[in-house]
$ cat run.cif   # mmCIF, C-alpha atoms
data_model
#
loop_
_atom_site.label_atom_id
_atom_site.label_comp_id
_atom_site.auth_asym_id
_atom_site.auth_seq_id
_atom_site.Cartn_x
_atom_site.Cartn_y
_atom_site.Cartn_z
CA MET A 1 116.46 107.94 87.18
CA ALA A 2 113.61 110.18 88.37
CA LYS A 3 114.23 111.89 91.67
CA ILE A 4 110.56 112.78 92.16
CA LYS A 5 107.16 111.16 91.79
CA VAL A 6 104.23 113.36 90.78
CA THR A 7 100.66 112.22 91.38
CA ASP A 8 97.55 114.01 90.10
CA THR A 9 94.62 114.41 92.49
CA PHE A 10 90.91 114.61 91.67
CA LEU A 11 91.22 118.41 91.74
CA LYS A 12 92.60 119.56 88.39
CA GLY A 13 96.09 120.98 88.78
CA VAL A 14 96.57 119.96 92.43
CA LYS A 15 99.48 117.53 92.54
CA ILE A 16 101.31 115.53 95.19
CA ILE A 17 105.07 115.67 94.69
CA GLU A 18 107.25 113.11 96.41
CA PRO A 19 111.00 113.73 96.24
CA LYS A 20 113.20 110.67 96.50
CA ALA A 21 115.34 110.59 99.64
CA PHE A 22 118.68 108.84 99.58
CA GLY A 23 119.41 107.59 103.08
CA ASP A 24 122.07 105.77 105.04
CA ASN A 25 123.10 105.41 108.68
CA ARG A 26 123.80 109.18 108.87
CA GLY A 27 120.35 110.30 107.72
CA TYR A 28 119.25 111.25 104.21
CA PHE A 29 119.73 113.65 101.31
CA MET A 30 117.09 114.77 98.82
CA GLU A 31 116.53 117.46 96.24
CA SER A 32 113.43 119.18 97.54
CA PHE A 33 113.08 121.30 94.39
CA ASN A 34 114.36 120.74 90.86
CA ALA A 35 112.81 122.86 88.08
CA GLU A 36 114.00 120.53 85.29
CA GLU A 37 112.43 117.47 86.93
CA LEU A 38 109.15 119.32 87.49
CA ALA A 39 109.16 120.47 83.85
CA GLU A 40 109.22 116.82 82.78
CA TYR A 41 105.79 116.56 84.46
CA GLY A 42 104.50 119.72 82.76
CA ILE A 43 105.09 121.96 85.79
CA HIS A 44 106.74 125.16 84.56
CA THR A 45 105.87 127.53 87.40
CA LYS A 46 108.48 130.19 88.08
CA PHE A 47 108.62 130.55 91.86
CA ILE A 48 109.83 133.94 93.09
CA GLN A 49 109.49 133.90 96.87
CA ASP A 50 109.96 131.40 99.71
CA ASN A 51 107.89 131.61 102.90
CA GLN A 52 108.04 129.75 106.19
CA SER A 53 105.65 129.56 109.13
CA LEU A 54 105.90 128.00 112.57
CA SER A 55 102.83 126.72 114.39
CA SER A 56 103.67 125.84 117.98
CA GLU A 57 100.71 123.64 118.95
CA PRO A 58 98.55 120.89 117.46
CA GLY A 59 95.05 122.01 116.53
CA ILE A 60 96.00 125.29 114.86
CA ILE A 61 94.13 126.01 111.62
CA ARG A 62 95.54 128.57 109.22
CA GLY A 63 93.23 129.46 106.36
CA LEU A 64 91.44 129.26 104.10
CA HIS A 65 93.50 131.84 102.18
CA TYR A 66 93.95 132.99 98.58
CA GLN A 67 94.86 136.09 96.58
CA LEU A 68 92.63 137.54 93.87
CA ASN A 69 93.68 138.07 90.26
CA PRO A 70 95.97 139.58 89.10
CA LYS A 71 98.05 138.68 92.20
CA CYS A 72 96.88 135.08 92.65
CA GLN A 73 99.51 132.55 93.66
CA THR A 74 100.57 129.03 92.84
CA LYS A 75 102.11 127.42 95.93
CA LEU A 76 104.46 124.48 96.44
CA LEU A 77 104.21 123.55 100.11
CA ARG A 78 105.82 121.03 102.49
CA ALA A 79 106.23 120.34 106.19
CA LEU A 80 109.84 120.65 107.35
CA THR A 81 108.96 119.48 110.87
CA GLY A 82 105.81 117.93 112.27
CA ALA A 83 102.66 117.02 110.35
CA ILE A 84 99.62 118.80 108.92
CA LEU A 85 96.36 118.08 107.22
CA ASP A 86 96.76 120.35 104.19
CA VAL A 87 93.46 121.41 102.62
CA VAL A 88 92.63 123.00 99.27
CA VAL A 89 89.23 124.17 98.03
CA ASP A 90 88.43 124.70 94.35
CA ILE A 91 87.14 128.28 93.96
CA ARG A 92 87.25 128.44 90.14
CA LYS A 93 83.80 129.45 88.90
CA GLY A 94 82.56 126.99 86.27
CA SER A 95 84.79 124.17 87.51
CA PRO A 96 83.10 120.76 87.87
CA THR A 97 84.75 120.56 91.32
CA PHE A 98 83.87 124.12 92.45
CA GLY A 99 83.46 124.16 96.25
CA GLN A 100 84.96 120.71 96.69
CA TRP A 101 87.93 120.16 98.94
CA GLY A 102 90.85 117.79 99.15
CA GLY A 103 92.88 116.96 102.23
CA PHE A 104 96.45 115.64 102.22
CA ILE A 105 98.79 114.66 105.05
CA LEU A 106 102.15 116.37 104.70
CA SER A 107 104.85 115.54 107.22
CA GLU A 108 108.56 115.56 107.87
CA TYR A 109 108.36 111.75 107.58
CA ASN A 110 106.55 111.31 104.24
CA LYS A 111 108.37 114.35 102.72
CA ARG A 112 105.41 114.96 100.43
CA GLN A 113 104.81 118.35 98.87
CA LEU A 114 101.58 119.77 97.52
CA LEU A 115 101.37 121.88 94.37
CA ILE A 116 98.40 124.23 94.71
CA PRO A 117 97.55 126.13 91.52
CA LYS A 118 95.86 129.48 91.18
CA GLY A 119 92.13 129.32 91.81
CA PHE A 120 92.27 127.34 95.05
CA ALA A 121 91.83 128.47 98.64
CA HIS A 122 94.39 126.91 100.97
CA GLY A 123 94.59 126.11 104.65
CA PHE A 124 96.04 123.57 107.03
CA CYS A 125 95.58 122.08 110.48
CA THR A 126 98.58 121.17 112.61
CA LEU A 127 98.57 117.56 113.83
CA THR A 128 101.71 117.84 115.97
CA PRO A 129 103.50 120.55 117.95
CA ASN A 130 106.22 122.70 116.38
CA VAL A 131 105.19 122.47 112.74
CA ASN A 132 107.44 124.33 110.30
CA ILE A 133 105.83 124.85 106.90
CA PHE A 134 107.93 125.96 103.94
CA TYR A 135 106.37 127.07 100.68
CA LYS A 136 107.29 128.63 97.38
CA VAL A 137 105.00 131.08 95.58
CA ASP A 138 104.99 132.52 92.07
CA GLU A 139 103.58 135.93 93.03
CA TYR A 140 104.49 138.29 95.85
CA TYR A 141 102.16 138.81 98.79
CA ALA A 142 99.75 141.63 98.03
CA PRO A 143 97.60 142.55 101.05
CA GLU A 144 95.06 144.44 98.93
CA TYR A 145 94.30 141.18 97.05
CA ASP A 146 94.41 138.92 100.13
CA ARG A 147 91.12 137.11 100.79
CA GLY A 148 89.81 134.15 102.74
CA ILE A 149 86.92 131.77 103.31
CA MET A 150 85.59 130.61 106.69
CA TRP A 151 87.42 127.45 107.77
CA ASN A 152 84.21 125.67 108.81
CA ASP A 153 81.87 126.72 105.99
CA PRO A 154 79.12 124.05 106.05
CA ALA A 155 78.65 124.31 102.27
CA ILE A 156 82.22 123.05 101.83
CA GLY A 157 82.10 120.54 104.70
CA ILE A 158 85.80 120.07 105.40
CA ASP A 159 86.41 117.17 107.79
CA TRP A 160 88.93 118.90 110.04
CA PRO A 161 90.54 116.80 112.79
CA VAL A 162 89.56 119.43 115.41
CA SER A 163 86.24 121.06 116.27
CA ASP A 164 87.59 123.95 118.38
CA PRO A 165 90.80 125.04 116.61
CA ILE A 166 93.27 127.75 117.51
CA LEU A 167 92.66 130.54 114.96
CA SER A 168 94.05 133.98 114.21
CA GLU A 169 91.64 136.91 114.61
CA LYS A 170 91.71 137.32 110.83
CA ASP A 171 90.76 133.67 110.18
CA LYS A 172 87.82 133.89 112.63
CA HIS A 173 86.10 136.47 110.41
CA HIS A 174 86.37 135.26 106.81
CA PRO A 175 83.10 135.07 104.84
CA LEU A 176 81.40 131.88 103.69
CA LEU A 177 82.22 130.68 100.17
CA ASN A 178 78.91 131.99 98.79
CA ASP A 179 79.72 135.47 100.12
CA ALA A 180 83.45 135.51 99.30
CA GLU A 181 84.97 137.71 96.64
CA ILE A 182 86.23 135.35 93.94
CA ASN A 183 87.48 136.23 90.46
CA PHE A 184 88.74 132.90 89.09
CA GLU A 185 87.09 131.14 86.16
CA VAL A 186 87.76 127.80 84.51
CA GLY A 187 89.38 128.22 81.11
CA VAL A 188 90.54 131.73 81.98
CA ASP A 189 92.68 131.11 85.06
CA ASP A 190 93.72 127.46 84.77
#
$ encode --input "run.cif" --output "structure tokens"
Amino acid sequence: MAKIKVTDTFLKGVKIIEPKAFGDNRGYFMESFNAEELAEYGIHTKFIQDNQSLSSEPGIIRGLHYQLNPKCQTKLLRALTGAILDVVVDIRKGSPTFGQWGGFILSEYNKRQLLIPKGFAHGFCTLTPNVNIFYKVDEYYAPEYDRGIMWNDPAIGIDWPVSDPILSEKDKHHPLLNDAEINFEVGVDD
């Protein structure tokens, strides 16, 4: 019996992963990661690092972040506590969905995870206080390859749930998509 459900999104390679929780009057148990189960869905990513972030207030936006080749990252992300609007933007040159975004609610209640492949910028907005985000990556953080795109780029048009978010200094100064350094191409990096 499958312990996960994997759903494709309209963005090629971006997948919603829903682990099955087994609950009773004490709470629940679930396998949040199982490489063999993911392989049955064609997901063979070798994750090498786990990261966690805490956002203390609702209305915090982190992103939009990515790493350039050859240090680009696939991410598998979930909310341990609280809820977020998780956003990905296709930045693969030549992709039919280049510049398009998808938004997905991840929460401690729905237990959903989002698989974000290389070639996508990523960000999220906290919907509740005390949001703990946990994510796996398949490449180590490399500050010299770290890049970003402005969270409110009008060419992308993300429908964020806040108009005046709490941002880091770094996230206030990212370039627009048209001015961003991008080195992903469809057929080469997907």
$ closest_atom_pairs --input "run.cif" --of "region 10-68 of chain A" --to "region 90-112 of chain A" --cutoff "7 Å" --atoms "only C-alpha atoms" --output "CSV"
residue,atom,partner,partner_atom,distance
A:Leu11,CA,A:Thr97,CA,6.8
A:Ile16,CA,A:Arg112,CA,6.7
A:Ile17,CA,A:Arg112,CA,5.8
A:Glu18,CA,A:Arg112,CA,4.8
$ closest_atom_pairs --input "run.cif" --of "region 83-165 of chain A" --to "region 41-61 of chain A" --cutoff "6 Å" --atoms "only C-alpha atoms" --output "JSON lines"
{"residue": "A:Phe124", "atom": "CA", "partner": "A:Ile61", "partner_atom": "CA", "distance": 5.5}
{"residue": "A:Cys125", "atom": "CA", "partner": "A:Ile61", "partner_atom": "CA", "distance": 4.3}
{"residue": "A:Thr126", "atom": "CA", "partner": "A:Pro58", "partner_atom": "CA", "distance": 4.9}
{"residue": "A:Leu127", "atom": "CA", "partner": "A:Pro58", "partner_atom": "CA", "distance": 4.9}
{"residue": "A:Thr128", "atom": "CA", "partner": "A:Pro58", "partner_atom": "CA", "distance": 4.6}
{"residue": "A:Pro129", "atom": "CA", "partner": "A:Glu57", "partner_atom": "CA", "distance": 4.3}
{"residue": "A:Asn130", "atom": "CA", "partner": "A:Ser56", "partner_atom": "CA", "distance": 4.3}
{"residue": "A:Val131", "atom": "CA", "partner": "A:Ser55", "partner_atom": "CA", "distance": 5.1}
{"residue": "A:Asn132", "atom": "CA", "partner": "A:Leu54", "partner_atom": "CA", "distance": 4.6}
{"residue": "A:Ile133", "atom": "CA", "partner": "A:Ser53", "partner_atom": "CA", "distance": 5.2}
{"residue": "A:Phe134", "atom": "CA", "partner": "A:Gln52", "partner_atom": "CA", "distance": 4.4}
{"residue": "A:Tyr135", "atom": "CA", "partner": "A:Asn51", "partner_atom": "CA", "distance": 5.3}
{"residue": "A:Lys136", "atom": "CA", "partner": "A:Asp50", "partner_atom": "CA", "distance": 4.5}
{"residue": "A:Val137", "atom": "CA", "partner": "A:Phe47", "partner_atom": "CA", "distance": 5.2}
{"residue": "A:Asp138", "atom": "CA", "partner": "A:Phe47", "partner_atom": "CA", "distance": 4.1}
{"residue": "A:Pro165", "atom": "CA", "partner": "A:Gly59", "partner_atom": "CA", "distance": 5.2}
$ closest_residue --input "run.cif" --among "A:Leu114, A:Ile182, A:Ala155, A:Leu38" --to "Cys72 (chain A)" --atoms "all atoms listed in the file"
A:Ile182
$ closest_residue --input "run.cif" --among "A:Asp164, A:Pro19, A:Asp171, A:Asn25" --to "Glu37 (chain A)" --atoms "all atoms listed in the file"
A:Pro19
$ closest_residue --input "run.cif" --among "A:Gly119, A:Pro161, A:Pro175, A:Pro154" --to "Tyr66 (chain A)" --atoms "all atoms listed in the file"
A:Gly119
$ decode --input "run.cif" --residues "region 3-14 of chain A" --atoms "all heavy atoms" --output "tab-separated table (two decimals), in the first residue's frame"
chain	number	residue	atom	x	y	z
A	3	LYS	N	2.39	4.76	0.66
A	3	LYS	CA	2.39	5.62	1.83
A	3	LYS	C	2.43	7.09	1.43
A	3	LYS	O	2.41	7.96	2.30
A	3	LYS	CB	3.59	5.29	2.72
A	3	LYS	CG	3.55	3.89	3.28
A	3	LYS	CD	4.80	3.62	4.10
A	3	LYS	CE	5.05	2.14	4.15
A	3	LYS	NZ	6.44	1.79	4.19
A	4	ILE	N	2.53	7.36	0.13
A	4	ILE	CA	2.53	8.74	-0.35
A	4	ILE	C	1.65	8.85	-1.60
A	4	ILE	O	1.41	7.86	-2.30
A	4	ILE	CB	3.95	9.25	-0.69
A	4	ILE	CG1	4.60	8.40	-1.78
A	4	ILE	CG2	4.81	9.34	0.55
A	4	ILE	CD1	5.90	8.99	-2.32
A	5	LYS	N	1.21	10.07	-1.85
A	5	LYS	CA	0.51	10.40	-3.08
A	5	LYS	C	1.32	11.52	-3.73
A	5	LYS	O	1.70	12.49	-3.06
A	5	LYS	CB	-0.91	10.89	-2.76
A	5	LYS	CG	-1.68	11.36	-3.96
A	5	LYS	CD	-3.05	11.87	-3.53
A	5	LYS	CE	-3.77	12.52	-4.68
A	5	LYS	NZ	-4.99	13.20	-4.26
A	6	VAL	N	1.62	11.37	-5.02
A	6	VAL	CA	2.38	12.37	-5.74
A	6	VAL	C	1.51	12.93	-6.86
A	6	VAL	O	0.95	12.18	-7.65
A	6	VAL	CB	3.69	11.78	-6.32
A	6	VAL	CG1	4.44	12.81	-7.14
A	6	VAL	CG2	4.57	11.23	-5.20
A	7	THR	N	1.40	14.26	-6.90
A	7	THR	CA	0.57	14.93	-7.89
A	7	THR	C	1.43	15.89	-8.70
A	7	THR	O	2.15	16.73	-8.12
A	7	THR	CB	-0.56	15.72	-7.20
A	7	THR	OG1	-1.30	14.84	-6.35
A	7	THR	CG2	-1.50	16.34	-8.22
A	8	ASP	N	1.39	15.78	-10.02
A	8	ASP	CA	2.08	16.73	-10.88
A	8	ASP	C	1.33	18.06	-10.88
A	8	ASP	O	0.11	18.09	-10.72
A	8	ASP	CB	2.15	16.20	-12.32
A	8	ASP	CG	3.06	15.00	-12.45
A	8	ASP	OD1	4.11	14.97	-11.79
A	8	ASP	OD2	2.72	14.09	-13.23
A	9	THR	N	2.05	19.15	-11.07
A	9	THR	CA	1.44	20.47	-11.22
A	9	THR	C	1.60	20.90	-12.68
A	9	THR	O	2.21	20.18	-13.48
A	9	THR	CB	2.12	21.50	-10.30
A	9	THR	OG1	3.45	21.75	-10.77
A	9	THR	CG2	2.16	21.00	-8.84
A	10	PHE	N	1.09	22.07	-13.02
A	10	PHE	CA	1.21	22.55	-14.40
A	10	PHE	C	2.64	22.97	-14.73
A	10	PHE	O	2.98	23.16	-15.90
A	10	PHE	CB	0.23	23.69	-14.68
A	10	PHE	CG	0.65	25.02	-14.10
A	10	PHE	CD1	1.29	25.95	-14.89
A	10	PHE	CD2	0.41	25.32	-12.77
A	10	PHE	CE1	1.69	27.17	-14.37
A	10	PHE	CE2	0.79	26.54	-12.24
A	10	PHE	CZ	1.44	27.46	-13.04
A	11	LEU	N	3.49	23.11	-13.72
A	11	LEU	CA	4.90	23.44	-13.93
A	11	LEU	C	5.70	22.14	-13.97
A	11	LEU	O	5.73	21.40	-12.97
A	11	LEU	CB	5.40	24.35	-12.82
A	11	LEU	CG	4.73	25.73	-12.74
A	11	LEU	CD1	5.05	26.41	-11.42
A	11	LEU	CD2	5.16	26.59	-13.92
A	12	LYS	N	6.31	21.85	-15.10
A	12	LYS	CA	6.99	20.57	-15.29
A	12	LYS	C	8.04	20.33	-14.21
A	12	LYS	O	8.96	21.13	-14.01
A	12	LYS	CB	7.66	20.52	-16.66
A	12	LYS	CG	8.31	19.18	-16.95
A	12	LYS	CD	8.98	19.15	-18.30
A	12	LYS	CE	9.67	17.81	-18.48
A	12	LYS	NZ	10.52	17.79	-19.64
A	13	GLY	N	7.89	19.20	-13.52
A	13	GLY	CA	8.84	18.79	-12.49
A	13	GLY	C	8.44	19.19	-11.08
A	13	GLY	O	8.94	18.63	-10.11
A	14	VAL	N	7.57	20.20	-10.94
A	14	VAL	CA	7.09	20.61	-9.61
A	14	VAL	C	5.99	19.64	-9.21
A	14	VAL	O	5.01	19.46	-9.95
A	14	VAL	CB	6.58	22.06	-9.62
A	14	VAL	CG1	6.00	22.44	-8.25
A	14	VAL	CG2	7.70	23.02	-10.02
